[in-house]
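What follows is data-v1.pdb (PDB, C-alpha atoms, pLDDT in the B column).
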ATOM      1  CA  MET X   1     126.021 211.180  45.085  1.00 42.00           C
ATOM      2  CA  SER X   2     128.551 214.025  45.172  1.00 39.00           C
ATOM      3  CA  LEU X   3     131.841 213.625  47.013  1.00 35.00           C
ATOM      4  CA  CYS X   4     130.772 216.469  49.305  1.00 39.00           C
ATOM      5  CA  ARG X   5     127.658 214.598  50.320  1.00 41.00           C
ATOM      6  CA  ALA X   6     129.594 211.357  50.671  1.00 38.00           C
ATOM      7  CA  ASN X   7     131.890 213.018  53.186  1.00 39.00           C
ATOM      8  CA  MET X   8     128.984 214.138  55.328  1.00 35.00           C
ATOM      9  CA  VAL X   9     128.661 211.144  57.618  1.00 38.00           C
ATOM     10  CA  VAL X  10     126.472 212.066  60.548  1.00 38.00           C
ATOM     11  CA  LEU X  11     125.358 210.109  63.531  1.00 37.00           C
ATOM     12  CA  ILE X  12     121.763 209.059  63.751  1.00 40.00           C
ATOM     13  CA  GLY X  13     120.057 208.793  67.079  1.00 39.00           C
ATOM     14  CA  THR X  14     118.820 205.507  68.375  1.00 38.00           C
ATOM     15  CA  VAL X  15     115.849 204.420  66.323  1.00 37.00           C
ATOM     16  CA  PHE X  16     113.102 202.402  67.915  1.00 35.00           C
ATOM     17  CA  VAL X  17     110.930 201.140  65.102  1.00 36.00           C
ATOM     18  CA  ALA X  18     108.238 200.023  67.518  1.00 36.00           C
ATOM     19  CA  ALA X  19     107.806 201.752  70.852  1.00 37.00           C
ATOM     20  CA  SER X  20     106.364 198.597  72.306  1.00 38.00           C
ATOM     21  CA  ALA X  21     109.487 196.540  71.582  1.00 39.00           C
ATOM     22  CA  ASP X  22     111.051 195.067  74.679  1.00 46.00           C
ATOM     23  CA  ALA X  23     114.470 196.740  75.068  1.00 43.00           C
ATOM     24  CA  GLY X  24     115.784 193.781  77.013  1.00 49.00           C
ATOM     25  CA  SER X  25     115.178 191.378  74.120  1.00 61.00           C
ATOM     26  CA  ALA X  26     115.696 193.708  71.143  1.00 81.00           C
ATOM     27  CA  THR X  27     118.429 193.094  68.620  1.00 92.00           C
ATOM     28  CA  MET X  28     120.876 196.016  68.731  1.00 94.00           C
ATOM     29  CA  ILE X  29     122.675 197.090  65.553  1.00 96.00           C
ATOM     30  CA  ARG X  30     125.148 199.973  65.727  1.00 96.00           C
ATOM     31  CA  PHE X  31     126.617 201.176  62.430  1.00 97.00           C
ATOM     32  CA  ARG X  32     130.229 202.284  62.132  1.00 96.00           C
ATOM     33  CA  ARG X  33     131.370 205.350  60.185  1.00 96.00           C
ATOM     34  CA  THR X  34     133.865 203.333  58.146  1.00 95.00           C
ATOM     35  CA  ALA X  35     134.445 199.674  57.367  1.00 94.00           C
ATOM     36  CA  HIS X  36     137.082 197.656  55.534  1.00 93.00           C
ATOM     37  CA  VAL X  37     136.395 194.467  53.606  1.00 91.00           C
ATOM     38  CA  THR X  38     138.540 192.063  51.628  1.00 86.00           C
ATOM     39  CA  GLY X  39     135.915 189.878  49.960  1.00 85.00           C
ATOM     40  CA  SER X  40     133.598 190.460  47.032  1.00 90.00           C
ATOM     41  CA  VAL X  41     130.537 191.361  49.130  1.00 94.00           C
ATOM     42  CA  VAL X  42     129.712 193.600  52.087  1.00 96.00           C
ATOM     43  CA  ARG X  43     127.951 191.869  54.969  1.00 95.00           C
ATOM     44  CA  LEU X  44     126.110 193.391  57.900  1.00 96.00           C
ATOM     45  CA  GLY X  45     128.833 192.198  60.265  1.00 94.00           C
ATOM     46  CA  ASP X  46     131.375 194.200  58.244  1.00 95.00           C
ATOM     47  CA  VAL X  47     129.657 197.541  58.833  1.00 96.00           C
ATOM     48  CA  ALA X  48     127.957 197.188  62.226  1.00 96.00           C
ATOM     49  CA  ASP X  49     128.330 195.873  65.758  1.00 95.00           C
ATOM     50  CA  ILE X  50     125.478 193.458  66.440  1.00 95.00           C
ATOM     51  CA  HIS X  51     124.183 192.243  69.802  1.00 93.00           C
ATOM     52  CA  ASP X  52     121.384 189.757  70.354  1.00 91.00           C
ATOM     53  CA  ALA X  53     120.506 187.506  73.283  1.00 86.00           C
ATOM     54  CA  ASP X  54     120.609 184.544  70.894  1.00 87.00           C
ATOM     55  CA  VAL X  55     124.115 183.968  69.552  1.00 87.00           C
ATOM     56  CA  VAL X  56     122.725 181.987  66.586  1.00 88.00           C
ATOM     57  CA  THR X  57     120.565 184.946  65.547  1.00 91.00           C
ATOM     58  CA  GLU X  58     123.548 187.243  65.997  1.00 92.00           C
ATOM     59  CA  GLU X  59     125.699 185.148  63.660  1.00 92.00           C
ATOM     60  CA  ARG X  60     122.890 184.939  61.093  1.00 93.00           C
ATOM     61  CA  LEU X  61     122.558 188.724  61.058  1.00 95.00           C
ATOM     62  CA  LYS X  62     126.310 189.201  60.666  1.00 95.00           C
ATOM     63  CA  ALA X  63     126.241 187.026  57.540  1.00 95.00           C
ATOM     64  CA  ILE X  64     123.521 188.992  55.690  1.00 96.00           C
ATOM     65  CA  VAL X  65     124.872 190.343  52.383  1.00 96.00           C
ATOM     66  CA  LEU X  66     124.111 194.042  51.916  1.00 96.00           C
ATOM     67  CA  ALA X  67     125.805 194.886  48.628  1.00 95.00           C
ATOM     68  CA  PRO X  68     128.683 194.010  46.307  1.00 95.00           C
ATOM     69  CA  ALA X  69     132.022 195.234  47.603  1.00 93.00           C
ATOM     70  CA  PRO X  70     133.830 198.004  45.722  1.00 93.00           C
ATOM     71  CA  ALA X  71     136.796 197.121  43.560  1.00 91.00           C
ATOM     72  CA  PRO X  72     140.069 196.544  45.453  1.00 89.00           C
ATOM     73  CA  GLY X  73     141.513 199.875  46.504  1.00 86.00           C
ATOM     74  CA  ARG X  74     138.186 201.677  45.965  1.00 91.00           C
ATOM     75  CA  GLN X  75     135.348 202.733  48.270  1.00 94.00           C
ATOM     76  CA  THR X  76     131.578 203.047  48.344  1.00 95.00           C
ATOM     77  CA  ILE X  77     128.904 204.529  50.616  1.00 96.00           C
ATOM     78  CA  LEU X  78     126.074 202.485  52.122  1.00 96.00           C
ATOM     79  CA  GLU X  79     123.168 204.596  53.357  1.00 96.00           C
ATOM     80  CA  PHE X  80     121.132 203.552  56.407  1.00 96.00           C
ATOM     81  CA  VAL X  81     117.902 203.668  54.391  1.00 95.00           C
ATOM     82  CA  SER X  82     119.185 201.153  51.848  1.00 95.00           C
ATOM     83  CA  ILE X  83     120.616 198.898  54.563  1.00 96.00           C
ATOM     84  CA  ARG X  84     117.317 198.932  56.434  1.00 95.00           C
ATOM     85  CA  SER X  85     115.457 198.067  53.242  1.00 95.00           C
ATOM     86  CA  ARG X  86     117.824 195.167  52.605  1.00 95.00           C
ATOM     87  CA  LEU X  87     117.327 193.809  56.124  1.00 96.00           C
ATOM     88  CA  HIS X  88     113.563 194.030  55.716  1.00 95.00           C
ATOM     89  CA  ALA X  89     113.810 192.085  52.457  1.00 94.00           C
ATOM     90  CA  ARG X  90     115.797 189.381  54.258  1.00 93.00           C
ATOM     91  CA  GLY X  91     113.055 188.931  56.845  1.00 93.00           C
ATOM     92  CA  VAL X  92     114.628 190.803  59.755  1.00 94.00           C
ATOM     93  CA  ASP X  93     112.031 191.890  62.320  1.00 93.00           C
ATOM     94  CA  LEU X  94     112.612 195.644  62.252  1.00 93.00           C
ATOM     95  CA  ALA X  95     110.054 196.181  65.012  1.00 92.00           C
ATOM     96  CA  ALA X  96     112.298 194.238  67.387  1.00 92.00           C
ATOM     97  CA  THR X  97     115.521 195.873  66.212  1.00 94.00           C
ATOM     98  CA  GLU X  98     117.243 198.893  67.726  1.00 95.00           C
ATOM     99  CA  PHE X  99     119.421 200.861  65.290  1.00 96.00           C
ATOM    100  CA  SER X 100     122.059 203.416  66.215  1.00 96.00           C
ATOM    101  CA  GLY X 101     125.345 204.824  64.979  1.00 95.00           C
ATOM    102  CA  ALA X 102     126.227 206.374  61.633  1.00 95.00           C
ATOM    103  CA  SER X 103     123.584 207.210  59.027  1.00 96.00           C
ATOM    104  CA  ALA X 104     126.001 206.159  56.283  1.00 96.00           C
ATOM    105  CA  VAL X 105     128.983 203.827  56.229  1.00 96.00           C
ATOM    106  CA  ARG X 106     131.999 204.411  54.020  1.00 96.00           C
ATOM    107  CA  VAL X 107     133.217 200.983  52.900  1.00 95.00           C
ATOM    108  CA  PHE X 108     136.790 200.466  51.710  1.00 94.00           C
ATOM    109  CA  ARG X 109     138.031 197.315  50.046  1.00 91.00           C
ATOM    110  CA  ARG X 110     141.573 196.218  50.677  1.00 79.00           C
ATOM    111  CA  PHE X 111     143.558 194.110  48.291  1.00 71.00           C
ATOM    112  CA  GLU X 112     142.788 190.516  49.216  1.00 60.00           C
ATOM    113  CA  PRO X 113     145.656 188.774  51.041  1.00 57.00           C
ATOM    114  CA  PRO X 114     146.602 185.204  50.132  1.00 58.00           C
ATOM    115  CA  GLN X 115     144.358 182.640  51.766  1.00 56.00           C
ATOM    116  CA  GLU X 116     145.987 180.831  54.676  1.00 54.00           C
ATOM    117  CA  PRO X 117     145.701 177.056  54.821  1.00 52.00           C
ATOM    118  CA  SER X 118     142.676 175.860  56.751  1.00 48.00           C
ATOM    119  CA  ARG X 119     145.021 174.029  59.131  1.00 54.00           C
ATOM    120  CA  THR X 120     146.330 177.385  60.366  1.00 54.00           C
ATOM    121  CA  SER X 121     142.798 178.623  60.983  1.00 80.00           C
ATOM    122  CA  ASP X 122     142.005 175.464  62.926  1.00 87.00           C
ATOM    123  CA  ILE X 123     145.098 175.959  65.064  1.00 89.00           C
ATOM    124  CA  GLN X 124     144.166 179.566  65.749  1.00 92.00           C
ATOM    125  CA  ALA X 125     140.614 178.572  66.657  1.00 92.00           C
ATOM    126  CA  GLU X 126     141.886 175.958  69.111  1.00 93.00           C
ATOM    127  CA  ARG X 127     144.301 178.458  70.672  1.00 93.00           C
ATOM    128  CA  ALA X 128     141.434 180.894  71.162  1.00 94.00           C
ATOM    129  CA  ALA X 129     139.283 178.123  72.665  1.00 93.00           C
ATOM    130  CA  GLN X 130     142.092 177.177  75.067  1.00 94.00           C
ATOM    131  CA  ARG X 131     142.363 180.792  76.118  1.00 94.00           C
ATOM    132  CA  LEU X 132     138.643 181.000  76.821  1.00 95.00           C
ATOM    133  CA  ARG X 133     138.675 177.723  78.751  1.00 92.00           C
ATOM    134  CA  ALA X 134     141.533 178.970  80.938  1.00 93.00           C
ATOM    135  CA  VAL X 135     139.624 182.158  81.766  1.00 93.00           C
ATOM    136  CA  ILE X 136     136.469 180.189  82.586  1.00 92.00           C
ATOM    137  CA  GLU X 137     138.332 177.694  84.776  1.00 90.00           C
ATOM    138  CA  ASN X 138     139.864 180.591  86.690  1.00 90.00           C
ATOM    139  CA  GLU X 139     136.408 182.152  87.123  1.00 88.00           C
ATOM    140  CA  LEU X 140     135.132 178.818  88.466  1.00 87.00           C
ATOM    141  CA  ARG X 141     137.921 178.664  91.045  1.00 86.00           C
ATOM    142  CA  LEU X 142     137.227 182.227  92.145  1.00 85.00           C
ATOM    143  CA  ALA X 143     133.577 181.251  92.576  1.00 80.00           C
ATOM    144  CA  GLY X 144     134.606 178.389  94.854  1.00 77.00           C
ATOM    145  CA  ALA X 145     133.712 175.669  92.371  1.00 71.00           C
ATOM    146  CA  ALA X 146     135.785 172.517  92.004  1.00 68.00           C
ATOM    147  CA  ALA X 147     137.075 173.387  88.543  1.00 62.00           C
ATOM    148  CA  ASP X 148     138.925 170.064  88.242  1.00 70.00           C
ATOM    149  CA  GLU X 149     135.601 168.232  88.404  1.00 77.00           C
ATOM    150  CA  LEU X 150     134.141 170.154  85.462  1.00 82.00           C
ATOM    151  CA  SER X 151     134.911 169.865  81.767  1.00 85.00           C
ATOM    152  CA  VAL X 152     134.649 173.122  79.807  1.00 90.00           C
ATOM    153  CA  THR X 153     133.821 173.272  76.102  1.00 91.00           C
ATOM    154  CA  VAL X 154     133.488 176.520  74.154  1.00 94.00           C
ATOM    155  CA  ARG X 155     132.329 177.549  70.684  1.00 93.00           C
ATOM    156  CA  LEU X 156     133.571 180.856  69.287  1.00 92.00           C
ATOM    157  CA  SER X 157     132.748 182.353  65.900  1.00 90.00           C
ATOM    158  CA  ARG X 158     135.698 182.090  63.493  1.00 88.00           C
ATOM    159  CA  SER X 159     135.370 185.812  62.777  1.00 87.00           C
ATOM    160  CA  ASP X 160     136.046 186.577  66.457  1.00 90.00           C
ATOM    161  CA  VAL X 161     139.087 184.291  66.813  1.00 92.00           C
ATOM    162  CA  PRO X 162     141.688 186.972  65.869  1.00 91.00           C
ATOM    163  CA  ARG X 163     140.197 189.413  68.386  1.00 89.00           C
ATOM    164  CA  ALA X 164     140.249 186.829  71.167  1.00 91.00           C
ATOM    165  CA  LEU X 165     143.875 185.960  70.408  1.00 92.00           C
ATOM    166  CA  ALA X 166     144.989 189.606  70.256  1.00 90.00           C
ATOM    167  CA  ALA X 167     143.253 190.576  73.507  1.00 92.00           C
ATOM    168  CA  ASP X 168     145.288 191.731  76.486  1.00 91.00           C
ATOM    169  CA  SER X 169     145.547 188.676  78.754  1.00 89.00           C
ATOM    170  CA  ALA X 170     145.290 190.668  81.975  1.00 91.00           C
ATOM    171  CA  SER X 171     142.000 192.233  80.867  1.00 93.00           C
ATOM    172  CA  LEU X 172     140.145 189.020  79.966  1.00 93.00           C
ATOM    173  CA  LYS X 173     136.864 188.609  81.830  1.00 93.00           C
ATOM    174  CA  VAL X 174     133.875 186.339  81.241  1.00 93.00           C
ATOM    175  CA  ILE X 175     130.431 187.809  81.873  1.00 93.00           C
ATOM    176  CA  GLY X 176     127.290 185.749  82.504  1.00 92.00           C
ATOM    177  CA  LEU X 177     128.826 182.444  83.624  1.00 91.00           C
ATOM    178  CA  THR X 178     126.709 180.194  85.863  1.00 89.00           C
ATOM    179  CA  LEU X 179     127.633 176.901  87.539  1.00 86.00           C
ATOM    180  CA  GLN X 180     124.777 174.972  85.945  1.00 85.00           C
ATOM    181  CA  PRO X 181     126.242 171.924  84.156  1.00 86.00           C
ATOM    182  CA  ASP X 182     125.130 170.353  80.880  1.00 87.00           C
ATOM    183  CA  VAL X 183     123.349 173.506  79.676  1.00 89.00           C
ATOM    184  CA  PRO X 184     124.738 175.665  76.829  1.00 92.00           C
ATOM    185  CA  GLN X 185     125.397 179.202  78.034  1.00 93.00           C
ATOM    186  CA  THR X 186     125.792 182.266  75.828  1.00 93.00           C
ATOM    187  CA  LEU X 187     128.548 184.307  77.483  1.00 93.00           C
ATOM    188  CA  THR X 188     130.418 187.531  76.825  1.00 94.00           C
ATOM    189  CA  LEU X 189     134.201 187.824  76.775  1.00 94.00           C
ATOM    190  CA  SER X 190     135.234 191.336  77.797  1.00 94.00           C
ATOM    191  CA  PHE X 191     138.790 192.509  77.103  1.00 93.00           C
ATOM    192  CA  ARG X 192     140.983 195.416  76.061  1.00 91.00           C
ATOM    193  CA  ASP X 193     142.526 195.516  72.604  1.00 84.00           C
ATOM    194  CA  ALA X 194     146.012 196.728  71.667  1.00 80.00           C
ATOM    195  CA  GLN X 195     144.805 200.349  71.832  1.00 80.00           C
ATOM    196  CA  GLY X 196     143.380 199.848  75.327  1.00 84.00           C
ATOM    197  CA  THR X 197     139.767 200.026  74.147  1.00 87.00           C
ATOM    198  CA  ARG X 198     137.303 197.768  75.926  1.00 89.00           C
ATOM    199  CA  GLN X 199     135.851 195.198  73.501  1.00 91.00           C
ATOM    200  CA  GLN X 200     133.420 192.294  73.756  1.00 92.00           C
ATOM    201  CA  VAL X 201     132.751 189.084  71.844  1.00 92.00           C
ATOM    202  CA  ARG X 202     130.009 186.513  72.357  1.00 93.00           C
ATOM    203  CA  PHE X 203     130.554 182.769  72.576  1.00 94.00           C
ATOM    204  CA  VAL X 204     128.842 179.598  73.747  1.00 94.00           C
ATOM    205  CA  CYS X 205     130.083 177.606  76.736  1.00 94.00           C
ATOM    206  CA  ARG X 206     129.013 174.281  78.209  1.00 92.00           C
ATOM    207  CA  LEU X 207     130.078 172.881  81.583  1.00 91.00           C
ATOM    208  CA  SER X 208     130.000 169.104  82.063  1.00 87.00           C
ATOM    209  CA  ARG X 209     130.831 166.991  85.076  1.00 81.00           C
ATOM    210  CA  ARG X 210     133.948 164.912  84.460  1.00 70.00           C
ATOM    211  CA  PRO X 211     133.708 161.173  85.202  1.00 69.00           C
ATOM    212  CA  THR X 212     135.517 159.880  88.293  1.00 66.00           C
ATOM    213  CA  VAL X 213     137.548 156.763  89.014  1.00 57.00           C
ATOM    214  CA  LEU X 214     138.895 155.453  92.300  1.00 60.00           C
ATOM    215  CA  THR X 215     142.546 155.803  93.187  1.00 64.00           C
ATOM    216  CA  VAL X 216     144.597 154.963  96.287  1.00 63.00           C
ATOM    217  CA  ARG X 217     144.941 157.935  98.637  1.00 67.00           C
ATOM    218  CA  TYR X 218     148.527 157.121  99.625  1.00 64.00           C
ATOM    219  CA  THR X 219     151.273 154.575  99.143  1.00 72.00           C
ATOM    220  CA  VAL X 220     150.331 151.264 100.738  1.00 65.00           C
ATOM    221  CA  PRO X 221     152.712 148.444 101.659  1.00 70.00           C
ATOM    222  CA  ARG X 222     152.795 145.283  99.631  1.00 73.00           C
ATOM    223  CA  GLY X 223     150.183 142.799 100.762  1.00 62.00           C
ATOM    224  CA  HIS X 224     148.013 145.506 102.320  1.00 65.00           C
ATOM    225  CA  VAL X 225     144.317 144.724 102.103  1.00 63.00           C
ATOM    226  CA  LEU X 226     142.582 147.749 100.678  1.00 63.00           C
ATOM    227  CA  ARG X 227     139.654 149.265 102.498  1.00 67.00           C
ATOM    228  CA  ALA X 228     137.141 151.811 101.300  1.00 62.00           C
ATOM    229  CA  ALA X 229     138.899 154.453 103.418  1.00 65.00           C
ATOM    230  CA  ASP X 230     142.084 153.888 101.380  1.00 60.00           C
ATOM    231  CA  LEU X 231     140.381 155.033  98.181  1.00 62.00           C
ATOM    232  CA  ALA X 232     139.583 158.492  96.858  1.00 60.00           C
ATOM    233  CA  PRO X 233     137.712 159.669  93.750  1.00 58.00           C
ATOM    234  CA  LEU X 234     139.700 161.285  90.960  1.00 56.00           C
ATOM    235  CA  ALA X 235     138.138 163.270  88.111  1.00 53.00           C
ATOM    236  CA  VAL X 236     139.376 162.147  84.690  1.00 51.00           C
ATOM    237  CA  ASP X 237     138.585 162.872  81.074  1.00 55.00           C
ATOM    238  CA  ASP X 238     137.851 159.223  80.266  1.00 51.00           C
ATOM    239  CA  ALA X 239     136.777 156.631  82.845  1.00 49.00           C
ATOM    240  CA  ALA X 240     137.028 153.687  80.443  1.00 54.00           C
ATOM    241  CA  GLY X 241     138.977 150.877  82.115  1.00 51.00           C
ATOM    242  CA  GLY X 242     139.009 152.643  85.478  1.00 53.00           C
ATOM    243  CA  ILE X 243     137.570 151.450  88.771  1.00 52.00           C
ATOM    244  CA  VAL X 244     134.469 153.364  89.759  1.00 47.00           C
ATOM    245  CA  ARG X 245     133.000 151.254  92.592  1.00 55.00           C
ATOM    246  CA  PRO X 246     134.744 150.464  95.912  1.00 54.00           C
ATOM    247  CA  GLU X 247     133.284 146.955  95.954  1.00 53.00           C
ATOM    248  CA  ASP X 248     135.295 146.133  92.835  1.00 53.00           C
ATOM    249  CA  VAL X 249     138.555 146.306  94.805  1.00 55.00           C
ATOM    250  CA  VAL X 250     137.644 146.038  98.492  1.00 54.00           C
TER
END
Show me this structure written as structure tokens.
Amino acid sequence: MSLCRANMVVLIGTVFVAASADAGSATMIRFRRTAHVTGSVVRLGDVADIHDADVVTEERLKAIVLAPAPAPGRQTILEFVSIRSRLHARGVDLAATEFSGASAVRVFRRFEPPQEPSRTSDIQAERAAQRLRAVIENELRLAGAAADELSVTVRLSRSDVPRALAADSASLKVIGLTLQPDVPQTLTLSFRDAQGTRQQVRFVCRLSRRPTVLTVRYTVPRGHVLRAADLAPLAVDDAAGGIVRPEDVV
């Protein structure tokens, strides 16, 4: 391929491989004009933005290897036709996939930075999870839910952790949250990046009802005989060793 041709990166229109595909359930893959990688291979998630109703499917698509990466400091061109062929070979249902974006992606490979200890990555992942939980708990309060009675757990892809941590705090918004407990929910975190561009990442959330124990509503004098009216439920993370029935103390 000549350098002249390589520089001609044009946008392709949205491609519907099957007209009968349901747009609401289709996987959407939008190719970027350029991409940067640091590893030895180029994956689909490196060159395209992927959206699917099933977060597991989305992560699987991101991990598909398309080609070897160029040497550090060099570049290569991946054509849409070759990418599509690779996806077909990996069993991707092209009839249920909506393609858009660039017809060719110029891939650059940076020099690989030193690997950080896994402990640092774990800390970053937990910080991102805490940030998501705080946003969700605030959304629950705005919805009138008793946020203190619910436990929030989240699962975010490691590849999205840096984006979640770098997001503008004031712009964080969770889309798709329901109050249904004990059911995994695939949600969208919407935010603005450092350049002010609106971005989105997908993650999984689960709401669970926290256990409750009984506590005294107010200070009682010594020798006071407790009554049921003196007790109030308190949501806790662990009810082990706590009193949960009024008859145990009244």
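Among X:Val55, X:Val92, X:Leu179, X:Val204, the residue with the shortest atom-to-atom distance to Glu149 in chain X, counting only C-alpha atoms, is X:Leu179.
If all atoms listed in the file are the atoms counted, then among X:Val183, X:Leu78, X:Ile83, X:Ala194 the closest residue to Asp168 in chain X is X:Ala194.
Rounded to one decimal, CA of Val154 in chain X and CA of Asp52 in chain X lie 18.3 Å from each other.
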Pick from X:Thr186, X:Gln195, X:Gln124, X:Gln130: nearest to Arg158 in chain X, with all atoms listed in the file counted?
X:Gln124
Could the centre and edge lengths of an axis-aligned box, enclosing all atoms of range 136-149 of chain X in the file with 8 Å extra on each side, be given in Å to one decimal as lines of an AutoDock Vina configuration file?
center_x = 136.7
center_y = 175.2
center_z = 88.7
size_x = 22.3
size_y = 30.0
size_z = 28.3
State, in Å with one decimal place, the distance from CA of Phe99 in chain X to CA of Ile50 in chain X.
9.6 Å
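Going from CA of Arg109 in chain X to CA of Ser40 in chain X covers 8.7 Å.
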So that I can check the surroundings of Glu139 in chain X, please list as a list in words every protein, DNA and RNA residue that reaches within 9 Å of it, counting all atoms listed in the file and ignoring chain neighbours fewer than 4 positions away.
Ala134, Val135, Ala143, Gly144, Ala145, Ala147, Lys173, Val174 and Leu177 of chain X
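Using all atoms listed in the file, the shortest contact distance between Val42 in chain X and any of X:Thr57, X:Val81, X:Pro181, X:Val105 is found at X:Val105.
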Give me, as JSON, numbers by chain, all polymer residues having an atom no more than 7 Å from Val152 in chain X, counting all atoms listed in the file and skipping those fewer than 4 positions away in the same chain.
{"X": [133, 206, 207, 208]}
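Near Thr188 in chain X, within a cut-off of 6 Å and counting all atoms listed in the file, sit the residues Val174, Ile175, Val201 and Arg202 of chain X, with same-chain residues fewer than 4 positions away left out.
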What residues come out when you apply the PyMOL selection byres ((chain X and resi 198) around 12) to this file, written as a ChimeraX atom specification?
/X:163,167-168,171-173,189-197,199-201
